[in-house]
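Structure record follows, encoded as structure tokens.
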Amino acid sequence: MRKIPVAVQMFTLREESAKDFAGTLKKVAELGFDGVELAGYHGLSPMEIKELLDQLGLKTAACHVPLDQLENNLAQVIEDQKILGSKYIVCPYLMPDRRSESDYIALISFLEHAGEICRQEGISLCYHNHDFELERLSDGKMALEAIFDGTSPNLVKAELDIYWLTKAGQKPAEWIERYQNRTPLIHLKDMTTDEEQFFAELGTGGVDLEAVLQMGEQVDIQWWVVEQDASRRTPFESIEMSINYLKTRLPHLIDK
């Protein structure tokens, strides 16, 4: 199997990072992750973060950047990526007041425009889904379909979140295959099999992880990204369980 690196989305460790960002990154490296997907800088400059990551042998897989920052400060966001060595900017979430049909139409136009600016700077713009984008619009198309079908594959990439796709009744592997020319980042997450459908450590729930991991040989995935929005253990215990699961499925991780 092709050696696809594994990152952790730092939102998983948001409380730990707020207390000791450097120490948190050190533990991430010790667990065997190849990189991090940032969700904020915790008071540090991009250069300071890059120096920390370099010391620990970690890469910046991508950065989640709120939509309002992309709209109002895209040039600075792009410069930050260059310093961090990140090739991917991810639009992570739509606030509830920006999910009307007209909002989606405006979003599609903005993503196409911003994606072109990013492309000119050697960076890819990605869109990360939750479950609400799987709701149908008036034409019967799901909002996530509208976003990807309404934008150019070379300008707007996908960061498919397999937990939220599953929660919405979709099969993640089918979405990865459908948009295989634009899925550089995949959020690996699991879900409990009870009615609550809570976030779970990889390999302990009901998400079809095997089908997703097998897609790594077929499509141009650049990073697997482990994220767990909430945990009943400590977040460090959760990501350790998840990376250990991946080590059993992705042999190249065992040496880390």
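Starting from 1 in every chain, residues are counted up; chains themselves are A, B, ... following the order of the structure tokens, and ligands are numbered from 1 as listed.
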
>> as a ChimeraX atom specification, please: every residue in stretch 28-178 of chain A that DSSP puts in alpha helix (DSSP H).
In response: /A:28-31,46-56,67-72,74-84,101-120,143-149,162-167,172-178

Can you build me a table of stretch 80-99 of chain A residues sitting at most 12 Å from stretch 138-156 of chain A, with the closest atom pair per residue and its distance in Å to one decimal, using only C-alpha atoms, sorted by chain and residue number, as a Markdown table?
```
| residue | atom | partner | partner_atom | distance |
| --- | --- | --- | --- | --- |
| A:Tyr88 | CA | A:Val156 | CA | 10.4 |
| A:Ile89 | CA | A:Val156 | CA | 10.1 |
| A:Val90 | CA | A:Val156 | CA | 9.7 |
| A:Cys91 | CA | A:Val156 | CA | 10.2 |
| A:Leu94 | CA | A:Ala143 | CA | 11.8 |
| A:Arg99 | CA | A:Ala143 | CA | 9.1 |
```

Take the selection from the previous step and output its residues with C-alpha atoms, as a short mmCIF file (atom, residue, chain, number, x, y, z; two decimals), in the first residue's frame.
```cif
data_model
loop_
_atom_site.label_atom_id
_atom_site.label_comp_id
_atom_site.auth_asym_id
_atom_site.auth_seq_id
_atom_site.Cartn_x
_atom_site.Cartn_y
_atom_site.Cartn_z
CA TYR A 88 -3.86 23.00 1.95
CA ILE A 89 -6.23 25.60 3.36
CA VAL A 90 -9.50 24.09 4.58
CA CYS A 91 -12.84 25.86 5.00
CA LEU A 94 -20.55 26.86 8.03
CA ARG A 99 -26.81 27.51 5.33
#
```

>> Using only C-alpha atoms for the distances, tell me which of A:Asp103, A:Glu159, A:Glu71, A:Glu116 is nearest to A:Leu188.
In response: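 Ranked by minimum distance to A:Leu188, first place goes to A:Glu159.
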
> To one decimal place, how far is atom CA of A:Arg14 from atom CA of A:Pro96 in Å?
Replying inline: 22.0 Å

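Every protein, DNA or RNA residue with an atom at most 12 Å from A:Thr24, where only C-alpha atoms count and chain neighbours fewer than 4 positions away do not, is listed here: Val8, Met10, Phe11, Thr12, Leu13, Arg14, Glu15, Glu16, Ser17, Ala18, Lys19, Asp20, Val28, Ala29, Glu30, Leu31, Val36, His42, Leu52, Leu53, Leu56, Pro235 and Phe236 of chain A.
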
Just write the chosen residues, C-alpha atoms, as a PDB file, in the first residue's frame.
```pdb
ATOM      1  CA  VAL A   8      -4.002  14.595  13.806  1.00  0.00           C
ATOM      2  CA  MET A  10      -5.463  19.655  16.549  1.00  0.00           C
ATOM      3  CA  PHE A  11      -9.088  20.549  17.346  1.00  0.00           C
ATOM      4  CA  THR A  12      -9.115  17.133  19.017  1.00  0.00           C
ATOM      5  CA  LEU A  13      -6.495  18.448  21.442  1.00  0.00           C
ATOM      6  CA  ARG A  14      -7.818  21.979  21.750  1.00  0.00           C
ATOM      7  CA  GLU A  15      -7.895  22.085  25.554  1.00  0.00           C
ATOM      8  CA  GLU A  16      -4.449  20.515  25.871  1.00  0.00           C
ATOM      9  CA  SER A  17      -3.077  22.911  23.250  1.00  0.00           C
ATOM     10  CA  ALA A  18      -4.498  25.930  25.067  1.00  0.00           C
ATOM     11  CA  LYS A  19      -2.577  24.907  28.191  1.00  0.00           C
ATOM     12  CA  ASP A  20       0.697  23.754  26.594  1.00  0.00           C
ATOM     13  CA  VAL A  28       1.672  13.936  19.108  1.00  0.00           C
ATOM     14  CA  ALA A  29       5.112  13.262  17.658  1.00  0.00           C
ATOM     15  CA  GLU A  30       5.861  10.625  20.296  1.00  0.00           C
ATOM     16  CA  LEU A  31       2.689   8.734  19.382  1.00  0.00           C
ATOM     17  CA  VAL A  36      -0.748  17.984  12.318  1.00  0.00           C
ATOM     18  CA  HIS A  42      -2.638  29.398  20.203  1.00  0.00           C
ATOM     19  CA  LEU A  52       8.468  23.685  16.878  1.00  0.00           C
ATOM     20  CA  LEU A  53       7.241  21.262  14.232  1.00  0.00           C
ATOM     21  CA  LEU A  56       9.740  17.392  16.447  1.00  0.00           C
ATOM     22  CA  PRO A 235      -8.085  13.037  23.993  1.00  0.00           C
ATOM     23  CA  PHE A 236      -4.528  11.686  24.195  1.00  0.00           C
TER      24      PHE A 236
END
```

> Could you state the separation of atom CA of A:Ala61 and atom CA of A:Trp223 in Å, given to one decimal place?
Replying inline: 6.8 Å

>> Could you check the closest approach to A:Gly85 for each of A:Lys50, A:Arg119, A:His113, A:Arg136 and tell me which residue wins, using only C-alpha atoms?
In response: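 When distances to A:Gly85 are compared using only C-alpha atoms, the smallest one comes from A:Lys50.
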
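Those residues that approach stretch 177-182 of chain A to within 6 Å, counting only C-alpha atoms, are A:Pro153, A:Lys157, A:Ala158, A:Val219; same-chain residues fewer than 5 positions away are not listed.
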
With N, CA and C atoms retained, write the just-selected residues as a CSV table (one decimal), in the first residue's frame.
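The resulting file, selection25.csv, is shown below:
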```csv
chain,number,residue,atom,x,y,z
A,153,PRO,N,-12.7,21.3,-10.2
A,153,PRO,CA,-11.9,20.3,-9.4
A,153,PRO,C,-10.5,20.8,-9.1
A,157,LYS,N,-10.9,21.6,-3.6
A,157,LYS,CA,-10.8,20.2,-3.3
A,157,LYS,C,-11.7,19.8,-2.1
A,158,ALA,N,-11.8,18.6,-1.8
A,158,ALA,CA,-12.6,18.0,-0.8
A,158,ALA,C,-11.8,17.5,0.4
A,219,VAL,N,-6.9,6.2,-5.1
A,219,VAL,CA,-7.1,7.7,-5.4
A,219,VAL,C,-5.9,8.4,-4.8
```

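Taking atom CA of A:Gly206 and atom CA of A:Asp220 as endpoints, the distance between them is 25.0 Å.
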
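Across stretch 65-247 of chain A, DSSP run on the backbone finds strand (DSSP E) at Tyr88, Ile89, Val90, Cys91, Ser124, Leu125, Cys126, Tyr127, His128, Val156, Lys157, Ala158, Glu159, Leu160, Asp161, Leu185, Ile186, His187, Leu188, Asp190, Met191, Phe199, Ala200, Trp223, Trp224, Val225 and Val226 of chain A.
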
>> Let me make sure I understand: among A:Ile254, A:Val207, A:Val226, A:Ala173, which one has the smallest atom-to-atom distance to A:Gly35 if we use only C-alpha atoms?
In response: A:Val226

Counting only C-alpha atoms, what are the residues of stretch 58-150 of chain A within 12 Å of stretch 184-187 of chain A, and for each of them which pair of atoms is the nearest and at what distance in Å, to one decimal? Sort the table by chain and rising number, as a Markdown table.
```
| residue | atom | partner | partner_atom | distance |
| --- | --- | --- | --- | --- |
| A:Ala61 | CA | A:Leu185 | CA | 8.6 |
| A:Ala62 | CA | A:Leu185 | CA | 8.5 |
| A:Cys63 | CA | A:Leu185 | CA | 11.2 |
| A:His64 | CA | A:Leu185 | CA | 11.8 |
| A:Lys87 | CA | A:Pro184 | CA | 10.2 |
| A:Tyr88 | CA | A:Leu185 | CA | 8.7 |
| A:Ile89 | CA | A:Leu185 | CA | 10.7 |
| A:Val90 | CA | A:Leu185 | CA | 9.5 |
| A:Pro92 | CA | A:His187 | CA | 11.4 |
| A:Ser124 | CA | A:Pro184 | CA | 9.4 |
| A:Leu125 | CA | A:Pro184 | CA | 10.5 |
| A:Cys126 | CA | A:Leu185 | CA | 8.4 |
| A:Tyr127 | CA | A:Leu185 | CA | 9.8 |
| A:His128 | CA | A:His187 | CA | 8.7 |
| A:Asn129 | CA | A:His187 | CA | 9.7 |
| A:His130 | CA | A:His187 | CA | 10.8 |
```

Go ahead and write the residues just picked, N, CA, C and O atoms, as an mmCIF file, in the first residue's frame.
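Saved the output as result25.cif:
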```cif
data_model
loop_
_atom_site.group_PDB
_atom_site.id
_atom_site.type_symbol
_atom_site.label_atom_id
_atom_site.label_comp_id
_atom_site.auth_asym_id
_atom_site.auth_seq_id
_atom_site.Cartn_x
_atom_site.Cartn_y
_atom_site.Cartn_z
ATOM 1 N N ALA A 61 0.085 19.320 7.764
ATOM 2 C CA ALA A 61 -0.704 18.688 6.704
ATOM 3 C C ALA A 61 -1.631 19.696 6.044
ATOM 4 O O ALA A 61 -1.810 19.696 4.821
ATOM 5 N N ALA A 62 -2.251 20.554 6.855
ATOM 6 C CA ALA A 62 -3.229 21.537 6.368
ATOM 7 C C ALA A 62 -3.578 22.455 7.519
ATOM 8 O O ALA A 62 -3.186 22.218 8.670
ATOM 9 N N CYS A 63 -4.325 23.489 7.220
ATOM 10 C CA CYS A 63 -4.820 24.405 8.246
ATOM 11 C C CYS A 63 -6.319 24.628 8.049
ATOM 12 O O CYS A 63 -6.760 24.954 6.939
ATOM 13 N N HIS A 64 -7.095 24.460 9.108
ATOM 14 C CA HIS A 64 -8.496 24.845 9.101
ATOM 15 C C HIS A 64 -8.579 26.335 9.395
ATOM 16 O O HIS A 64 -8.039 26.805 10.406
ATOM 17 N N LYS A 87 0.280 22.945 2.299
ATOM 18 C CA LYS A 87 -0.195 23.049 0.920
ATOM 19 C C LYS A 87 -1.707 23.152 0.829
ATOM 20 O O LYS A 87 -2.247 23.310 -0.265
ATOM 21 N N TYR A 88 -2.388 23.063 1.980
ATOM 22 C CA TYR A 88 -3.856 23.004 1.952
ATOM 23 C C TYR A 88 -4.465 23.951 2.984
ATOM 24 O O TYR A 88 -4.116 23.907 4.167
ATOM 25 N N ILE A 89 -5.366 24.782 2.509
ATOM 26 C CA ILE A 89 -6.232 25.598 3.364
ATOM 27 C C ILE A 89 -7.609 24.951 3.336
ATOM 28 O O ILE A 89 -8.124 24.641 2.256
ATOM 29 N N VAL A 90 -8.208 24.766 4.507
ATOM 30 C CA VAL A 90 -9.499 24.092 4.577
ATOM 31 C C VAL A 90 -10.550 25.021 5.173
ATOM 32 O O VAL A 90 -10.355 25.580 6.265
ATOM 33 N N PRO A 92 -13.585 24.992 7.190
ATOM 34 C CA PRO A 92 -13.957 23.885 8.071
ATOM 35 C C PRO A 92 -15.418 23.759 8.450
ATOM 36 O O PRO A 92 -15.874 22.671 8.812
ATOM 37 N N SER A 124 -3.728 24.682 -2.291
ATOM 38 C CA SER A 124 -5.064 24.190 -2.640
ATOM 39 C C SER A 124 -6.072 24.567 -1.561
ATOM 40 O O SER A 124 -5.794 24.438 -0.362
ATOM 41 N N LEU A 125 -7.239 25.014 -1.996
ATOM 42 C CA LEU A 125 -8.345 25.303 -1.092
ATOM 43 C C LEU A 125 -9.247 24.081 -1.025
ATOM 44 O O LEU A 125 -9.611 23.507 -2.062
ATOM 45 N N CYS A 126 -9.597 23.665 0.185
ATOM 46 C CA CYS A 126 -10.442 22.482 0.390
ATOM 47 C C CYS A 126 -11.687 22.851 1.185
ATOM 48 O O CYS A 126 -11.699 23.832 1.933
ATOM 49 N N TYR A 127 -12.714 22.023 1.022
ATOM 50 C CA TYR A 127 -13.939 22.213 1.802
ATOM 51 C C TYR A 127 -14.181 20.973 2.645
ATOM 52 O O TYR A 127 -14.191 19.854 2.136
ATOM 53 N N HIS A 128 -14.395 21.180 3.949
ATOM 54 C CA HIS A 128 -14.650 20.092 4.900
ATOM 55 C C HIS A 128 -16.142 20.045 5.241
ATOM 56 O O HIS A 128 -16.742 21.052 5.589
ATOM 57 N N ASN A 129 -16.699 18.851 5.146
ATOM 58 C CA ASN A 129 -18.149 18.699 5.357
ATOM 59 C C ASN A 129 -18.509 18.251 6.769
ATOM 60 O O ASN A 129 -17.707 17.636 7.482
ATOM 61 N N HIS A 130 -19.753 18.566 7.131
ATOM 62 C CA HIS A 130 -20.425 17.945 8.272
ATOM 63 C C HIS A 130 -21.609 17.173 7.702
ATOM 64 O O HIS A 130 -21.600 16.785 6.543
#
```
